[in-house]
Amino acid sequence: MNTINLSLLEKSFDLAGTRLASAAGTPWTAPTPCARWTLRQLANHLIALPTVLARSVAGERLAPEEFSPDKMAADDYLGADPCGTEAASLFAAAAATVLEACRTPGALTGSIAMHRGEVPLRGLVTATLSDTAAHAWDLARATDQDPTLPDDLAEAALAFMRTFISPAGRAGDLPHFAPVVPVAAGACATDRFVAFLGRTP
């Protein structure tokens, strides 16, 4: 994996962690822009992203179902009565673990089995930073924070998602992505990214 993608992975984690810490005070049952997920489910999914990536980088051969967004959202990492800072601490610990693992020489030379077939670990890193960026935006919108993403992160995430989301997928195995929302010419990188995901900027 080249340096820029690991740098962007860390940037996506830092952004999501900061927004998760600032979510204190918003009910965990609050809705989010991510279809069908409450804030609690979104937080679980965010914590699961670096956790699943770390297990994959460590060489664990996960079943394709482990990469299901809805399974990640349903696996409860938060306990009975978490606060935003506790959730952020769990997320930060998972992020630190996977970043250290990814920086180990040769760690990202393998592949994983997903429903689409074999995927290089390098591709899973890019998918994770893109997914984390998307949900950092979701988290901000759900908790009344500034949703803007750094331009380089938004551009990289958009480039990946353009290869990942097919028109058929929006109505099929990727139900969290609605039809593309039109944006004005010259729209910022954040707006173009989330509009492609089917969110309204």
# chains A, B, ... in the order shown; residues from 1 in each chain; ligands from 1

$ residues_around --residues "segment 112-116 of chain A" --least-positions-apart "2" --cutoff "8 Å" --atoms "only C-alpha atoms" --output "mmCIF file with C-alpha atoms, in the first residue's frame"
data_model
loop_
_atom_site.group_PDB
_atom_site.id
_atom_site.type_symbol
_atom_site.label_atom_id
_atom_site.label_comp_id
_atom_site.auth_asym_id
_atom_site.auth_seq_id
_atom_site.Cartn_x
_atom_site.Cartn_y
_atom_site.Cartn_z
ATOM 1 C CA SER A 56 -7.755 -9.464 7.947
ATOM 2 C CA ARG A 61 -9.447 -15.734 7.017
ATOM 3 C CA LEU A 62 -12.866 -14.217 7.623
ATOM 4 C CA ALA A 63 -16.095 -15.481 6.131
ATOM 5 C CA PRO A 64 -17.528 -13.092 3.522
ATOM 6 C CA GLU A 65 -20.438 -12.380 5.880
ATOM 7 C CA PHE A 67 -17.755 -7.787 5.776
ATOM 8 C CA GLY A 110 -2.467 -10.930 0.807
ATOM 9 C CA GLU A 118 -10.914 -12.452 -3.858
ATOM 10 C CA VAL A 119 -10.013 -8.850 -2.990
ATOM 11 C CA PRO A 120 -6.450 -7.641 -2.309
ATOM 12 C CA LEU A 121 -5.852 -6.372 1.213
#

$ residues_around --residues "segment 176-189 of chain A" --least-positions-apart "4" --cutoff "9 Å" --atoms "only C-alpha atoms" --output "list in words"
Cys34, Ala35, Arg36, Pro69, Thr148, Leu149, Pro150, Asp151, Asp152, Leu153, Ala154, Glu155, Leu158, Ile165, Pro167, Gly169, Arg170, Ala171, Phe193, Val194, Ala195, Phe196, Leu197, Gly198, Arg199, Thr200 and Pro201 of chain A

$ select_by_dssp --residues "segment 43-150 of chain A" --states "strand (DSSP E)" --output "list in words"
Ser111, Ile112, Ala113, Met114, Gly117, Glu118, Val119 and Pro120 of chain A

$ atom_distance --atom1 "atom CA of Gln41 of chain A" --atom2 "atom CA of Ala73 of chain A"
4.6 Å

$ residues_around --residues "Thr104 of chain A" --least-positions-apart "3" --cutoff "12 Å" --atoms "only C-alpha atoms" --output "VMD selection string"
chain A and resid 1 6 54 57 to 58 97 to 101 107 to 109

$ atom_distance --atom1 "atom CA of Asp131 of chain A" --atom2 "atom CA of Thr85 of chain A"
21.2 Å

$ select_by_dssp --residues "segment 73-169 of chain A" --states "helix (DSSP H, G or I)" --output "number ranges by chain"
A: 73-74, 84-102, 121-142, 151-164, 167-169

$ write_last_selection --atoms "C-alpha atoms" --output "compact mmCIF listing (two decimals), in the first residue's frame"
# COMPACT_ATOMS: atom_id res chain seq x y z
CA ALA A 73 -23.84 -2.46 12.58
CA ALA A 74 -25.58 -5.23 14.52
CA GLY A 84 -19.72 9.44 23.06
CA THR A 85 -16.23 9.60 24.55
CA GLU A 86 -16.31 5.90 25.46
CA ALA A 87 -17.33 4.99 21.92
CA ALA A 88 -14.57 7.24 20.57
CA SER A 89 -12.01 5.52 22.81
CA LEU A 90 -13.03 2.10 21.51
CA PHE A 91 -12.81 3.37 17.96
CA ALA A 92 -9.42 5.01 18.54
CA ALA A 93 -7.98 1.81 20.01
CA ALA A 94 -9.17 -0.25 17.04
CA ALA A 95 -7.82 2.36 14.62
CA ALA A 96 -4.40 2.47 16.30
CA THR A 97 -4.15 -1.32 16.20
CA VAL A 98 -4.90 -1.60 12.50
CA LEU A 99 -2.66 1.32 11.50
CA GLU A 100 0.27 -0.30 13.27
CA ALA A 101 -0.51 -3.60 11.58
CA CYS A 102 -0.81 -2.01 8.13
CA LEU A 121 -5.85 -6.37 1.21
CA ARG A 122 -4.71 -3.10 -0.36
CA GLY A 123 -8.20 -2.75 -1.79
CA LEU A 124 -9.73 -3.39 1.62
CA VAL A 125 -7.65 -0.52 3.03
CA THR A 126 -9.05 1.83 0.40
CA ALA A 127 -12.56 0.54 1.00
CA THR A 128 -12.17 1.10 4.73
CA LEU A 129 -10.97 4.68 4.39
CA SER A 130 -13.80 5.40 1.94
CA ASP A 131 -16.45 3.83 4.16
CA THR A 132 -15.09 5.60 7.23
CA ALA A 133 -15.15 8.94 5.40
CA ALA A 134 -18.77 8.37 4.37
CA HIS A 135 -19.83 7.53 7.89
CA ALA A 136 -17.89 10.45 9.37
CA TRP A 137 -20.18 12.59 7.21
CA ASP A 138 -23.25 10.59 8.33
CA LEU A 139 -22.17 10.97 11.94
CA ALA A 140 -21.75 14.73 11.62
CA ARG A 141 -25.15 15.16 10.00
CA ALA A 142 -26.83 12.99 12.66
CA ASP A 151 -10.74 17.48 -0.02
CA ASP A 152 -8.05 14.82 -0.50
CA LEU A 153 -10.02 12.31 1.56
CA ALA A 154 -13.29 13.06 -0.21
CA GLU A 155 -11.67 12.81 -3.66
CA ALA A 156 -9.99 9.48 -2.87
CA ALA A 157 -13.19 8.07 -1.37
CA LEU A 158 -15.22 9.19 -4.37
CA ALA A 159 -12.74 7.61 -6.80
CA PHE A 160 -13.02 4.30 -4.97
CA MET A 161 -16.80 4.36 -4.66
CA ARG A 162 -17.14 4.99 -8.39
CA THR A 163 -15.50 1.59 -8.94
CA PHE A 164 -17.39 -0.12 -6.12
CA PRO A 167 -26.22 0.86 -10.75
CA ALA A 168 -27.59 -2.60 -10.02
CA GLY A 169 -25.96 -2.63 -6.60

$ atom_distance --atom1 "atom CA of Trp37 of chain A" --atom2 "atom CA of Lys71 of chain A"
11.6 Å

$ closest_residue --among "A:Thr51, A:Ser111, A:Thr38, A:Thr32" --to "Phe13 of chain A" --atoms "only C-alpha atoms"
A:Thr51

$ closest_residue --among "A:Thr143, A:Pro105, A:Lys11, A:Asp76" --to "Leu39 of chain A" --atoms "only C-alpha atoms"
A:Thr143

$ closest_residue --among "A:Leu53, A:Ala43, A:Ala48, A:Leu78" --to "Leu20 of chain A" --atoms "only C-alpha atoms"
A:Ala43

$ closest_residue --among "A:Leu9, A:Pro50, A:Asn44, A:Arg55" --to "Asp70 of chain A" --atoms "only C-alpha atoms"
A:Asn44

$ decode --residues "segment 35-61 of chain A" --atoms "C-alpha atoms" --output "short mmCIF file (atom, residue, chain, number, x, y, z; two decimals), in the first residue's frame"
data_model
loop_
_atom_site.label_atom_id
_atom_site.label_comp_id
_atom_site.auth_asym_id
_atom_site.auth_seq_id
_atom_site.Cartn_x
_atom_site.Cartn_y
_atom_site.Cartn_z
CA ALA A 35 -30.58 4.01 5.65
CA ARG A 36 -32.18 2.05 8.48
CA TRP A 37 -29.38 2.71 11.01
CA THR A 38 -29.64 4.51 14.31
CA LEU A 39 -26.68 6.41 15.74
CA ARG A 40 -25.80 3.38 17.84
CA GLN A 41 -25.73 1.11 14.79
CA LEU A 42 -23.64 3.65 12.91
CA ALA A 43 -21.15 3.80 15.81
CA ASN A 44 -20.97 0.00 15.93
CA HIS A 45 -20.29 -0.09 12.20
CA LEU A 46 -17.55 2.53 12.52
CA ILE A 47 -15.80 0.57 15.28
CA ALA A 48 -16.16 -2.64 13.27
CA LEU A 49 -14.40 -1.21 10.21
CA PRO A 50 -10.86 -1.01 11.70
CA THR A 51 -11.54 -4.13 13.76
CA VAL A 52 -12.36 -6.27 10.72
CA LEU A 53 -9.49 -4.77 8.72
CA ALA A 54 -7.06 -5.55 11.56
CA ARG A 55 -8.21 -9.16 11.71
CA SER A 56 -7.75 -9.46 7.95
CA VAL A 57 -4.28 -7.89 7.99
CA ALA A 58 -3.31 -10.26 10.81
CA GLY A 59 -4.00 -13.14 8.44
CA GLU A 60 -7.35 -14.29 9.80
CA ARG A 61 -9.45 -15.73 7.02
#
